[in-house]
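Trainee: Below is structure.cif; it holds mmCIF, C-alpha atoms.
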data_entry
loop_
_atom_site.label_atom_id
_atom_site.label_comp_id
_atom_site.auth_asym_id
_atom_site.auth_seq_id
_atom_site.Cartn_x
_atom_site.Cartn_y
_atom_site.Cartn_z
CA MET A 3 0.00 0.00 0.00
CA LEU A 4 2.86 2.38 0.73
CA ALA A 5 4.14 1.93 -2.80
CA LEU A 6 0.72 2.39 -4.33
CA LEU A 7 0.12 5.65 -2.49
CA PHE A 8 3.28 7.15 -3.87
CA PHE A 9 2.48 5.80 -7.33
CA LEU A 10 -0.60 8.00 -7.26
CA ALA A 11 1.43 11.17 -7.16
CA LEU A 12 3.27 10.22 -10.33
CA ILE A 13 0.37 9.96 -12.70
CA ALA A 14 0.64 13.54 -13.94
CA THR A 15 4.25 13.18 -15.06
CA PRO A 16 5.55 12.24 -18.51
CA ALA A 17 7.94 9.64 -17.08
CA ALA A 18 5.15 7.74 -15.38
CA ALA A 19 2.82 8.13 -18.34
CA GLN A 20 5.39 6.52 -20.64
CA ALA A 21 5.98 3.56 -18.31
CA ASN A 22 3.50 0.73 -18.12
CA ASP A 23 1.54 -0.12 -14.99
CA GLY A 24 3.71 -3.11 -14.10
CA GLU A 25 7.01 -1.28 -14.58
CA VAL A 26 5.97 1.58 -12.32
CA LEU A 27 4.64 -0.77 -9.64
CA ASP A 28 7.86 -2.79 -9.73
CA LEU A 29 9.86 0.39 -9.21
CA VAL A 30 7.75 1.79 -6.39
CA ASN A 31 7.78 -1.58 -4.64
CA SER A 32 11.56 -1.84 -4.91
CA ASP A 33 14.23 -0.74 -2.44
CA ALA A 34 14.99 2.15 -4.80
CA ASN A 35 11.70 3.89 -3.97
CA PRO A 36 12.78 6.92 -1.90
CA LEU A 37 9.52 7.25 0.02
CA GLN A 38 10.35 4.67 2.66
CA GLY A 39 13.78 6.20 3.26
CA VAL A 40 12.27 9.65 3.66
CA ARG A 41 9.81 8.40 6.23
CA GLU A 42 12.57 6.66 8.15
CA VAL A 43 14.71 9.81 8.44
CA PHE A 44 11.78 12.11 9.22
CA SER A 45 11.61 11.98 12.98
CA GLY A 46 11.20 14.47 15.76
CA GLY A 47 9.72 17.04 13.37
CA ASN A 48 13.04 17.45 11.53
CA TYR A 49 11.90 18.63 8.09
CA LEU A 50 15.47 19.16 6.90
CA ALA A 51 16.54 15.51 7.16
CA PRO A 52 14.30 14.28 4.30
CA LEU A 53 15.63 17.01 2.03
CA ARG A 54 19.21 15.94 2.72
CA TYR A 55 18.29 12.30 2.15
CA ILE A 56 16.64 13.03 -1.19
CA GLU A 57 19.58 15.08 -2.45
CA GLU A 58 22.10 12.42 -1.40
CA GLN A 59 20.19 9.43 -2.78
CA ARG A 60 19.02 10.88 -6.10
CA GLU A 61 22.50 10.67 -7.62
CA ARG A 62 22.45 6.87 -7.32
CA TYR A 63 19.81 6.35 -10.01
CA ASP A 64 19.19 7.22 -13.65
CA HIS A 65 15.79 5.62 -14.37
CA PRO A 66 13.36 8.40 -15.46
CA VAL A 67 10.51 7.21 -13.21
CA LEU A 68 12.78 7.00 -10.17
CA LEU A 69 14.21 10.43 -10.93
CA SER A 70 10.66 11.72 -11.19
CA MET A 71 9.92 10.22 -7.77
CA PHE A 72 12.92 11.98 -6.25
CA ASP A 73 12.05 15.29 -7.93
CA GLN A 74 8.44 15.16 -6.76
CA LEU A 75 9.40 14.17 -3.24
CA ARG A 76 11.88 17.02 -3.11
CA ALA A 77 9.20 19.40 -4.39
CA LEU A 78 6.83 18.19 -1.66
CA TRP A 79 9.30 18.65 1.16
CA LEU A 80 10.44 22.05 -0.09
CA SER A 81 6.80 23.13 -0.13
CA TYR A 82 6.45 21.84 3.43
CA VAL A 83 9.17 24.26 4.58
CA GLY A 84 7.73 27.19 2.66
CA ASP A 85 10.20 27.20 -0.25
CA VAL A 86 7.73 27.75 -3.09
CA ALA A 87 10.42 28.68 -5.59
CA GLY A 88 12.42 25.57 -4.76
CA ALA A 89 9.35 23.36 -5.01
CA GLU A 90 8.47 24.81 -8.40
CA ALA A 91 11.98 24.29 -9.68
CA ALA A 92 12.08 20.68 -8.46
CA PHE A 93 8.70 19.88 -9.96
CA GLY A 94 9.03 21.99 -13.10
CA SER A 95 10.83 19.37 -15.16
CA THR A 96 7.76 17.13 -14.90
CA ALA A 97 5.31 19.77 -16.14
CA THR A 98 3.28 18.70 -19.16
CA GLY A 99 2.69 20.89 -22.20
CA TRP A 100 -0.53 22.76 -22.89
CA ARG A 101 -2.72 22.61 -25.99
CA PRO A 102 -2.51 25.53 -28.41
CA VAL A 103 -4.85 28.40 -27.64
CA ASP A 104 -8.26 28.30 -29.28
CA GLU A 105 -8.81 31.88 -30.43
CA GLU A 106 -12.58 31.72 -30.06
CA ALA A 107 -12.26 30.40 -26.50
CA LEU A 108 -9.68 33.07 -25.67
CA SER A 109 -11.96 35.75 -27.06
CA SER A 110 -14.83 34.55 -24.89
CA LEU A 111 -12.56 34.53 -21.82
CA LEU A 112 -11.36 38.09 -22.44
CA GLU A 113 -14.59 39.66 -23.66
CA LEU A 114 -17.59 37.68 -22.43
CA THR A 115 -16.80 36.83 -18.81
CA VAL A 116 -16.95 38.49 -15.40
CA ALA A 117 -14.15 37.80 -12.90
CA THR A 118 -15.78 36.51 -9.69
CA ASP A 119 -14.46 35.35 -6.30
CA ALA A 120 -14.18 31.56 -6.45
CA VAL A 121 -15.65 31.13 -2.95
CA ASP A 122 -18.86 32.86 -3.98
CA VAL A 123 -19.11 30.89 -7.22
CA VAL A 124 -18.53 27.49 -5.65
CA ARG A 125 -20.94 28.18 -2.81
CA ARG A 126 -23.67 29.23 -5.23
CA MET A 127 -23.09 26.31 -7.60
CA ALA A 128 -22.98 23.84 -4.69
CA ARG A 129 -26.63 24.50 -3.84
CA GLY A 130 -28.57 21.32 -4.34
CA ARG A 131 -25.39 19.25 -4.76
CA ARG A 132 -24.41 16.46 -2.43
CA PHE A 133 -20.73 16.40 -3.40
CA VAL A 134 -18.25 19.17 -4.13
CA VAL A 135 -14.93 17.85 -5.44
CA ILE A 136 -11.99 20.25 -5.51
CA ASN A 137 -8.45 19.32 -6.47
CA GLU A 138 -4.94 20.38 -5.57
CA ALA A 139 -1.37 20.21 -6.86
CA HIS A 140 0.40 18.34 -4.07
CA HIS A 141 3.53 20.51 -4.09
CA ALA A 142 1.59 23.81 -4.23
CA PRO A 143 0.16 24.89 -0.84
CA GLU A 144 -1.82 27.68 -2.47
CA THR A 145 -4.16 25.02 -3.85
CA ARG A 146 -5.33 24.33 -0.28
CA MET A 147 -6.38 27.86 0.59
CA LEU A 148 -9.62 27.92 -1.41
CA THR A 149 -10.80 24.71 0.25
CA ALA A 150 -9.97 26.23 3.64
CA ALA A 151 -11.96 29.37 2.76
CA LEU A 152 -14.92 27.24 1.65
CA LEU A 153 -15.20 25.34 4.94
CA ASP A 154 -17.24 27.93 6.82
CA PRO A 155 -19.74 28.87 4.08
CA LEU A 156 -20.30 25.25 3.06
CA TRP A 157 -20.79 24.27 6.71
CA LYS A 158 -23.49 26.93 6.96
CA ASP A 159 -25.08 25.40 3.86
CA GLY A 160 -25.23 21.92 5.36
CA PHE A 161 -21.96 20.22 4.42
CA ARG A 162 -20.77 18.01 7.27
CA TYR A 163 -17.98 15.83 5.84
CA LEU A 164 -14.49 16.56 4.53
CA ALA A 165 -13.04 13.70 2.48
CA LEU A 166 -9.26 13.68 2.10
CA GLU A 167 -7.03 11.75 -0.27
CA SER A 168 -4.20 9.60 1.08
CA ILE A 169 -5.34 9.76 4.71
CA ALA A 170 -5.41 6.38 6.44
CA ALA A 171 -8.45 5.25 8.44
CA GLU A 172 -6.41 4.87 11.63
CA GLU A 173 -5.00 8.34 11.05
CA ALA A 174 -8.47 9.89 10.88
CA ALA A 175 -9.50 7.96 13.99
CA ALA A 176 -6.47 9.34 15.83
CA PHE A 177 -7.44 12.87 14.78
CA ARG A 178 -10.93 12.43 16.14
CA ALA A 179 -9.64 11.07 19.44
CA LEU A 180 -7.05 13.81 19.83
CA GLY A 181 -9.19 16.64 18.48
CA ARG A 182 -6.57 17.86 16.01
CA PRO A 183 -4.38 16.61 13.16
CA ARG A 184 -0.94 15.31 13.97
CA GLN A 185 2.13 13.97 12.17
CA TRP A 186 1.53 10.49 10.87
CA THR A 187 3.69 9.36 7.97
CA GLY A 188 5.30 12.47 6.56
CA GLY A 189 2.59 12.70 3.90
CA TYR A 190 0.67 15.72 2.67
CA LEU A 191 -0.60 16.48 6.16
CA SER A 192 2.95 17.49 7.08
CA GLU A 193 2.48 20.69 5.08
CA PRO A 194 1.24 23.53 7.32
CA ALA A 195 -1.58 24.76 5.07
CA PHE A 196 -2.95 21.22 4.74
CA ALA A 197 -2.81 20.66 8.49
CA GLU A 198 -4.54 23.98 9.14
CA LEU A 199 -7.24 23.03 6.64
CA VAL A 200 -7.92 19.85 8.62
CA ARG A 201 -7.69 21.64 11.97
CA ARG A 202 -10.17 24.29 10.88
CA ALA A 203 -12.56 21.68 9.53
CA MET A 204 -12.48 19.80 12.83
CA GLU A 205 -13.07 23.00 14.79
CA LEU A 206 -16.19 23.67 12.74
CA GLY A 207 -17.43 20.13 13.29
CA TYR A 208 -16.67 18.40 10.00
CA ARG A 209 -16.15 14.66 10.15
CA ILE A 210 -12.96 13.67 8.35
CA ILE A 211 -13.47 10.87 5.83
CA PRO A 212 -10.47 8.77 4.80
CA TYR A 213 -11.36 7.27 1.44
CA GLU A 214 -8.02 6.04 0.12
CA ASP A 215 -7.84 2.63 -1.58
CA THR A 216 -6.03 0.29 0.82
CA GLN A 217 -6.01 -2.84 -1.34
CA ASP A 218 -2.89 -4.02 -3.11
CA CYS A 219 -3.00 -4.04 -6.87
CA ALA A 220 -1.45 -6.56 -9.26
CA SER A 221 -0.77 -5.13 -12.70
CA ASP A 222 -2.73 -6.50 -15.65
CA PRO A 223 -0.71 -6.77 -18.90
CA THR A 224 -3.94 -6.44 -20.90
CA ASP A 225 -4.99 -3.23 -19.14
CA PRO A 226 -2.26 -0.57 -18.64
CA GLU A 227 -4.63 1.51 -16.50
CA HIS A 228 -5.80 -1.34 -14.28
CA CYS A 229 -4.32 -0.05 -11.01
CA LEU A 230 -5.38 3.52 -11.69
CA ASN A 231 -8.93 2.37 -12.29
CA GLN A 232 -8.93 0.14 -9.23
CA ARG A 233 -7.78 2.96 -7.05
CA ASP A 234 -10.34 5.48 -8.29
CA GLU A 235 -13.24 3.04 -8.15
CA HIS A 236 -12.32 1.96 -4.63
CA GLU A 237 -11.93 5.58 -3.54
CA ALA A 238 -15.46 6.40 -4.68
CA ARG A 239 -16.88 3.28 -3.05
CA ASN A 240 -15.01 3.97 0.20
CA LEU A 241 -16.34 7.50 0.27
CA LEU A 242 -19.91 6.38 -0.20
CA ARG A 243 -19.48 3.61 2.36
CA ALA A 244 -18.37 6.19 4.92
CA ILE A 245 -21.67 8.09 4.62
CA ARG A 246 -24.05 5.19 3.98
CA ASP A 247 -25.80 5.85 7.32
CA ASP A 248 -26.36 9.48 6.32
CA PRO A 249 -28.14 9.31 2.95
CA GLU A 250 -28.53 13.08 2.81
CA GLY A 251 -24.99 13.81 3.99
CA ARG A 252 -23.12 16.46 2.00
CA VAL A 253 -19.42 16.05 1.38
CA LEU A 254 -16.55 18.36 0.43
CA VAL A 255 -13.95 16.16 -1.29
CA HIS A 256 -10.36 17.42 -1.53
CA CYS A 257 -8.35 15.34 -3.99
CA GLY A 258 -5.27 15.49 -6.17
CA TYR A 259 -5.06 16.57 -9.79
CA SER A 260 -7.30 14.68 -12.25
CA HIS A 261 -9.17 12.52 -9.74
CA LEU A 262 -11.91 15.14 -10.05
CA THR A 263 -12.34 14.43 -13.78
CA GLU A 264 -15.85 13.36 -14.75
CA ARG A 265 -14.99 11.44 -17.91
CA THR A 266 -12.80 8.52 -18.90
CA GLU A 267 -9.50 9.56 -20.49
CA GLY A 268 -7.02 7.18 -22.05
CA GLY A 269 -8.72 4.22 -20.43
CA TRP A 270 -8.61 5.83 -16.98
CA LYS A 271 -11.99 6.25 -15.30
CA HIS A 272 -11.53 8.85 -12.59
CA MET A 273 -12.83 9.00 -9.04
CA ALA A 274 -15.37 11.79 -9.63
CA GLN A 275 -16.88 9.88 -12.55
CA TRP A 276 -17.20 6.77 -10.39
CA LEU A 277 -18.66 8.88 -7.59
CA GLY A 278 -21.35 10.35 -9.82
CA GLU A 279 -22.31 7.00 -11.32
CA LEU A 280 -22.38 5.08 -8.04
CA SER A 281 -24.23 7.75 -6.05
CA HIS A 282 -26.55 8.92 -8.86
CA ASP A 283 -25.65 12.46 -7.73
CA ASP A 284 -23.77 14.71 -10.13
CA PRO A 285 -20.80 16.15 -8.18
CA LEU A 286 -19.70 19.76 -8.59
CA THR A 287 -16.11 19.47 -9.78
CA VAL A 288 -13.73 22.40 -9.25
CA ASP A 289 -10.30 22.41 -10.88
CA GLN A 290 -7.58 24.71 -9.55
CA THR A 291 -4.46 23.02 -10.94
CA ARG A 292 -4.66 23.97 -14.61
CA MET A 293 -4.69 27.76 -14.10
CA ARG A 294 -2.07 27.96 -11.40
CA GLY A 295 0.66 30.61 -11.57
CA HIS A 296 4.33 29.71 -11.97
CA LEU A 297 7.57 31.54 -11.31
CA ASP A 298 8.64 30.33 -14.74
CA ARG A 299 5.86 31.85 -16.83
CA SER A 300 6.64 29.53 -19.75
CA LEU A 301 5.14 26.67 -17.72
CA GLU A 302 1.79 28.39 -17.29
CA ASN A 303 -1.37 27.57 -19.14
CA PRO A 304 -1.48 30.23 -21.91
CA TYR A 305 -5.08 31.16 -21.09
CA ARG A 306 -4.07 32.05 -17.56
CA SER A 307 -1.23 34.23 -18.80
CA ARG A 308 -3.71 36.45 -20.62
CA VAL A 309 -5.65 37.30 -17.43
CA ALA A 310 -2.86 37.09 -14.86
CA ASP A 311 -2.99 40.82 -14.07
CA ARG A 312 -6.66 40.50 -13.02
CA LEU A 313 -6.02 37.90 -10.31
CA THR A 314 -5.78 38.91 -6.64
CA LEU A 315 -7.71 35.94 -5.16
CA PRO A 316 -8.81 32.58 -6.57
CA THR A 317 -11.08 33.64 -9.41
CA VAL A 318 -13.68 32.09 -11.67
CA PHE A 319 -14.51 33.77 -14.98
CA LEU A 320 -18.27 33.53 -15.41
CA LEU A 321 -20.06 33.50 -18.75
CA GLU A 322 -23.60 34.72 -19.29
CA GLY A 323 -25.98 32.55 -17.31
CA GLY A 324 -23.49 31.99 -14.49
CA ARG A 325 -21.50 29.16 -16.12
CA SER A 326 -17.78 28.92 -15.50
CA TRP A 327 -15.47 29.47 -18.45
CA VAL A 328 -13.65 26.19 -19.13
CA GLU A 329 -10.99 25.38 -21.71
CA PRO A 330 -12.51 23.80 -24.84
CA ASP A 331 -10.75 20.45 -24.32
CA GLN A 332 -11.91 20.37 -20.67
CA ALA A 333 -15.60 20.83 -21.35
CA GLY A 334 -17.32 17.91 -19.66
CA ALA A 335 -14.22 17.03 -17.65
CA HIS A 336 -14.97 19.42 -14.79
CA ASP A 337 -17.53 22.11 -13.99
CA VAL A 338 -15.52 25.04 -12.64
CA THR A 339 -12.08 26.34 -13.59
CA VAL A 340 -10.38 28.39 -10.88
CA PHE A 341 -7.60 30.82 -11.82
CA LEU A 342 -5.05 31.33 -9.05
CA PRO A 343 -2.81 34.35 -8.46
CA GLY A 344 0.84 33.55 -9.09
CA PRO A 345 3.81 33.40 -6.72
CA ASP A 346 6.16 36.31 -6.11
CA GLY A 347 9.71 35.42 -7.06
CA SER A 348 11.14 38.30 -5.03
CA ALA A 349 9.35 37.48 -1.77
CA ASN A 350 10.51 35.27 1.08
CA ARG A 351 6.87 34.51 1.99
CA GLN A 352 4.23 34.05 -0.67
CA PRO A 353 0.99 35.98 -1.37
CA TYR A 354 -1.31 32.96 -0.89
CA LEU A 355 -0.68 33.15 2.85
CA SER A 356 -2.76 36.34 3.01
CA TRP A 357 -5.74 35.08 1.00
CA TYR A 358 -9.18 35.49 2.58
CA GLY A 359 -7.72 36.80 5.85
CA LEU A 360 -7.30 33.27 7.16
CA ARG A 361 -3.85 34.15 8.51
CA GLN A 362 -2.13 37.24 9.85
CA ALA A 363 1.47 38.33 9.38
CA ILE A 364 3.61 38.28 12.53
CA ILE A 365 7.15 39.66 12.45
CA VAL A 366 9.48 37.86 14.85
CA ALA A 367 11.48 40.56 16.61
CA SER A 368 13.89 38.60 18.83
CA ARG A 369 15.98 35.91 17.13
CA PRO A 370 18.41 33.21 18.21
CA ARG A 371 21.99 33.18 16.99
CA ARG A 372 22.55 33.11 13.25
CA THR A 373 22.80 29.33 13.05
CA ALA A 374 19.01 29.21 12.59
CA THR A 375 17.97 27.59 9.30
CA LEU A 376 14.30 26.74 9.80
CA VAL A 377 11.79 28.72 11.88
CA GLN A 378 8.58 27.01 13.01
CA ALA A 379 5.40 28.03 14.81
CA PHE A 380 3.35 25.37 16.61
CA HIS A 381 -0.05 25.57 18.21
CA ARG A 382 0.56 25.41 21.96
CA VAL A 383 -0.24 21.95 23.29
CA ASP A 384 0.68 19.99 26.36
CA GLY A 385 3.70 17.79 25.91
CA ASP A 386 6.19 17.14 23.14
CA LEU A 387 6.00 19.07 19.85
CA SER A 388 7.89 16.49 17.80
CA ARG A 389 4.74 14.94 16.32
CA GLU A 390 2.84 18.18 15.87
CA VAL A 391 2.48 19.82 12.47
CA PRO A 392 3.71 23.43 12.37
CA ALA A 393 1.04 26.03 11.75
CA ASP A 394 3.68 27.78 9.64
CA GLN A 395 7.38 27.46 8.95
CA PHE A 396 9.97 28.94 6.62
CA LEU A 397 13.62 28.65 5.68
CA VAL A 398 15.78 31.56 6.82
CA GLN A 399 17.05 33.58 3.86
CA GLY A 400 19.83 36.07 4.51
CA ASP A 401 18.60 39.19 6.25
CA ALA A 402 14.96 38.80 5.18
CA PRO A 403 12.47 39.53 7.97
CA TRP A 404 11.33 36.56 10.01
CA GLU A 405 7.68 36.74 8.97
CA LEU A 406 5.22 34.10 10.11
CA TRP A 407 1.66 33.86 8.82
CA LEU A 408 -0.62 32.42 11.49
CA PRO A 409 -4.32 31.78 12.09
CA PRO A 410 -5.91 32.82 15.39
CA GLY A 411 -4.52 30.97 18.39
CA ARG A 412 -1.66 30.61 20.84
CA PHE A 413 1.69 29.49 19.48
CA VAL A 414 5.19 28.61 20.55
CA LEU A 415 8.11 29.24 18.19
CA GLN A 416 11.09 27.04 17.49
CA ALA A 417 14.22 27.47 15.39
CA ARG A 418 16.34 24.65 13.99
CA ASP A 419 19.96 24.69 12.88
CA ARG A 420 21.29 23.32 9.62
CA GLY A 421 21.23 19.78 10.98
CA GLY A 422 17.59 20.13 12.02
CA LYS A 423 18.31 20.23 15.74
CA PRO A 424 16.20 22.69 17.79
CA ILE A 425 18.21 25.66 19.05
CA ALA A 426 18.15 25.56 22.83
CA GLY A 427 16.96 28.52 24.85
CA TRP A 428 14.72 30.07 22.16
CA ALA A 429 11.02 29.26 22.35
CA PRO A 430 9.00 32.49 22.48
CA ALA A 431 5.22 32.29 22.84
CA ILE A 432 2.83 34.50 20.87
CA GLU A 433 -0.92 34.90 20.55
CA VAL A 434 -2.84 35.84 17.40
CA SER A 435 -6.29 37.35 17.87
CA ARG A 436 -9.33 36.35 15.85
CA SER A 437 -9.96 38.40 12.72
CA GLU A 438 -13.33 39.32 11.20
CA ARG A 439 -13.04 36.56 8.60
CA TRP A 440 -12.94 33.98 11.38
#
Before we go any further, please render this structure as structure tokens.

Mentor:
Amino acid sequence: MLALLFFLALIATPAAAQANDGEVLDLVNSDANPLQGVREVFSGGNYLAPLRYIEEQRERYDHPVLLSMFDQLRALWLSYVGDVAGAEAAFGSTATGWRPVDEEALSSLLELTVATDAVDVVRRMARGRRFVVINEAHHAPETRMLTAALLDPLWKDGFRYLALESIAAEEAAAFRALGRPRQWTGGYLSEPAFAELVRRAMELGYRIIPYEDTQDCASDPTDPEHCLNQRDEHEARNLLRAIRDDPEGRVLVHCGYSHLTERTEGGWKHMAQWLGELSHDDPLTVDQTRMRGHLDRSLENPYRSRVADRLTLPTVFLLEGGRSWVEPDQAGAHDVTVFLPGPDGSANRQPYLSWYGLRQAIIVASRPRRTATLVQAFHRVDGDLSREVPADQFLVQGDAPWELWLPPGRFVLQARDRGGKPIAGWAPAIEVSRSERW
């Protein structure tokens, strides 16, 4: 199962797409798979150790799928420590090309649409729907902020479940018992924005649904997409099984990449398509990975580039009648296309941290000696912090201000040296008051 979970993150990359199902599974089940090594070195909350491990081990291999694994893992862990530029650079080599611009579609985007806050659009379009499915790019924390902003309005509208990809059942049970998310395996929950999304959902009262496929998969030489299809079908069935005692239950589903697709592509039948067919309820599908900003503008979807200067928050461009503008080749694949503001290459901290007023900027005035490499802020809890997920953290860069972005609450700070060891004698406590948005 460990191998299969990591296999899922590779499906958007050319290297994985060119390898057959069996070849990829053999590689991810081999000793060469870096995921197990990363989890073994990630202990005590030391986010720097996995990065060192990845850099040291990557040089041992030359297989394109394995190199893609290392690059994506490095992108993930750089995003965990707030290095958006580093994450983009690590992941950039796996970016796929975009279709040529359709001039008629571009004209409609530029001339026939109204730019509208994505929260308002999704909330309106979710009326009467039982499922809202929204996706993320795993190495891009900004793709978690819209879901976080939707939690409160959708709760008010009757949504009571948050379904999360790659969360184990025992992990969700531990969250419920503890009352908050906690480090588990070094997976996506280790990223501060993801953990805060889960924390906020639990505070509101959402029940966390783990819907990941936990069954092993044996490749089928006659069906290159066999394991992909098994996973997505089982995900949809697991999700429905979790709410079978609540036939009217409404679910916000946060998934990765194309699992929200509502049609079969290249023999791959995606989770949202299974969900709609099995439940007989048409899900509202919201894509926010295709129109994401990049530091390297050449990697961006060309449609996004034409409206980039109009983006200050996640935005949907609405056509007459309230329909979302969608790329021509994506019509029928998803319902809503969200355009995200891009990163700032000159900033130590990124603009997404300020979206929707979910966090406030806190400048750290007193600092430990200059050996500090990583600065972390943890929600104050009784006991050891080593298994807690930071509410925010960043890599120290020269003389840049130590700027933390934090939600309301009480926090204790920690700084780590280059080796990842906490710097003794520096653990200031701060409190962030509740803003109007909260």

Trainee: Once the PyMOL selection byres ((chain A and resi 339) around 10) is applied to the coordinates I shared, what remains selected? I want it as a list in words.

Mentor: Ala120, Thr287, Val288, Asp289, Gln290, Thr291, Arg292, Met293, Pro316, Thr317, Val318, Phe319, Leu320, Ser326, Trp327, Val328, Glu329, Gln332, His336, Asp337, Val338, Val340, Phe341 and Leu342 of chain A

Trainee: Pick the closest to A:Val255 from A:Tyr305, A:Phe72, A:Phe133, A:Tyr82: which is it, counting only C-alpha atoms?

Mentor: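 Checking each candidate against A:Val255, we get A:Phe133 as the closest.
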
Trainee: Just say which residues the PyMOL selection byres ((chain A and resi 159-173) around 9) picks in this file, as a PyMOL selection string.

Mentor: chain A and resi 7+125+128-129+132-133+153-158+174-178+183-184+186+189-191+200+203+207-216+237+241+245+251-258

Trainee: Taking the file as shown, what set of residues would the PyMOL selection byres ((chain A and resi 234) around 8) give back, as number ranges by chain?

Mentor: A: 215, 230-233, 235-238, 261, 271-273, 276

Trainee: Excluding same-chain residues fewer than 3 positions from stretch 36-51 of chain A, what lies within 6 Å of it counting only C-alpha atoms, as a list in words?

Mentor: Arg54, Ser388 and Gly422 of chain A

Trainee: Counting all atoms listed in the file, which of A:Leu321, A:Ala89, A:Ala220, A:Leu360 gets nearest to A:Asp298?

Mentor: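 Ranked by minimum distance to A:Asp298, first place goes to A:Ala89.
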
Trainee: How many Å lie between atom CA of A:Ile432 and atom CA of A:Asn350, rounded to one decimal?

Mentor: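 Result for atom CA of A:Ile432 versus atom CA of A:Asn350: 21.2 Å, one decimal.
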
Trainee: Separation of atom CA of A:Leu397 and atom CA of A:Leu376, in Å?

Mentor: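 Computing it gives 4.6 Å between the two atoms.
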
Trainee: Could you list, as a PDB file with C-alpha atoms, keeping the file's coordinate frame, every residue within 10 Å of A:Pro410, counting only C-alpha atoms and ignoring same-chain residues fewer than 6 positions away?

Mentor:
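Result went into result-v5.pdb, see below:
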ATOM      1  CA  LEU A 360      -7.300  33.270   7.160  1.00  0.00           C
ATOM      2  CA  ARG A 361      -3.850  34.150   8.510  1.00  0.00           C
ATOM      3  CA  GLN A 362      -2.130  37.240   9.850  1.00  0.00           C
ATOM      4  CA  HIS A 381      -0.050  25.570  18.210  1.00  0.00           C
ATOM      5  CA  GLU A 433      -0.920  34.900  20.550  1.00  0.00           C
ATOM      6  CA  VAL A 434      -2.840  35.840  17.400  1.00  0.00           C
ATOM      7  CA  SER A 435      -6.290  37.350  17.870  1.00  0.00           C
ATOM      8  CA  ARG A 436      -9.330  36.350  15.850  1.00  0.00           C
ATOM      9  CA  SER A 437      -9.960  38.400  12.720  1.00  0.00           C
ATOM     10  CA  TRP A 440     -12.940  33.980  11.380  1.00  0.00           C
TER      11      TRP A 440
END

Trainee: For each of A:Thr224, A:Glu113, A:Ser300, A:Ala335, take the minimum atom-to-atom distance to A:Thr266, counting only C-alpha atoms, then give the residue where this is smallest.

Mentor: A:Ala335

Trainee: Box for stretch 410-424 of chain A - axis-aligned, 8 Å on each of the six sides, all listed atoms - centre and size in Å to one decimal, as lines of an AutoDock Vina configuration file.

Mentor:
center_x = 7.7
center_y = 26.3
center_z = 15.2
size_x = 43.2
size_y = 29.0
size_z = 27.2

Trainee: In terms of the shortest atom-to-atom distance over only C-alpha atoms, which of A:Val377, A:Val391, A:Leu355, A:Leu53 is closest to A:Ala417?

Mentor: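 Going through A:Val377, A:Val391, A:Leu355, A:Leu53 one by one, the smallest distance to A:Ala417 is for A:Val377.
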
Trainee: What is the distance between atom CA of A:Leu313 and atom CA of A:Ile136, in Å to one decimal?

Mentor: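 Computing it gives 19.2 Å between the two atoms.
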
Trainee: Which residue, A:Asp284, A:Glu322, A:Glu279, A:Asp394, has the smallest gap to A:Phe380 when you use all atoms listed in the file?

Mentor: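 So, comparing all the options, the nearest one is A:Asp394.
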
Trainee: Tell me which residues come within 6 Å of (0.2, 30.9, -8.1), as a list in words, counting all atoms listed in the file in the file's coordinates.

Mentor: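 Checking each residue against the 6 Å limit leaves Arg294, Gly295, His296, Leu342, Pro343, Gly344 and Pro345 of chain A.
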
Trainee: Using all atoms listed in the file for the distances, tell me which of A:Ala179, A:Ile364, A:Leu286, A:Ala150 is nearest to A:Ala195.

Mentor: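 Of A:Ala179, A:Ile364, A:Leu286, A:Ala150, the one nearest A:Ala195 is A:Ala150, counting all atoms listed in the file.
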
Trainee: Within 12 Å of A:Arg62, counting all atoms listed in the file, which residues show up once you throw out same-chain ones fewer than 6 positions away? Write them as a compact mmCIF listing (two decimals) with C-alpha atoms, in the frame of the given file, please.

Mentor:
# COMPACT_ATOMS: atom_id res chain seq x y z
CA ALA A 34 14.99 2.15 -4.80
CA ASN A 35 11.70 3.89 -3.97
CA PRO A 36 12.78 6.92 -1.90
CA TYR A 55 18.29 12.30 2.15
CA ILE A 56 16.64 13.03 -1.19
CA LEU A 68 12.78 7.00 -10.17
CA LEU A 69 14.21 10.43 -10.93
CA PHE A 72 12.92 11.98 -6.25

Trainee: Tell me which protein, DNA and RNA residues are within 8 Å of A:Leu148, counting only C-alpha atoms, leaving out same-chain ones fewer than 3 positions away, and put them as a list of chain:residue names.

Mentor: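 Non-adjacent residues within range: A:Ala120, A:Val121, A:Glu144, A:Thr145, A:Ala151, A:Leu152, A:Pro316.
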
Trainee: Excluding A:Leu112 and residues on its chain fewer than 5 positions from it, collect all residues at most 9 Å away from it, counting all atoms listed in the file, and give them as a list in words.

Mentor: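 So the residues in contact are Ala107, Arg308 and Val309 of chain A.
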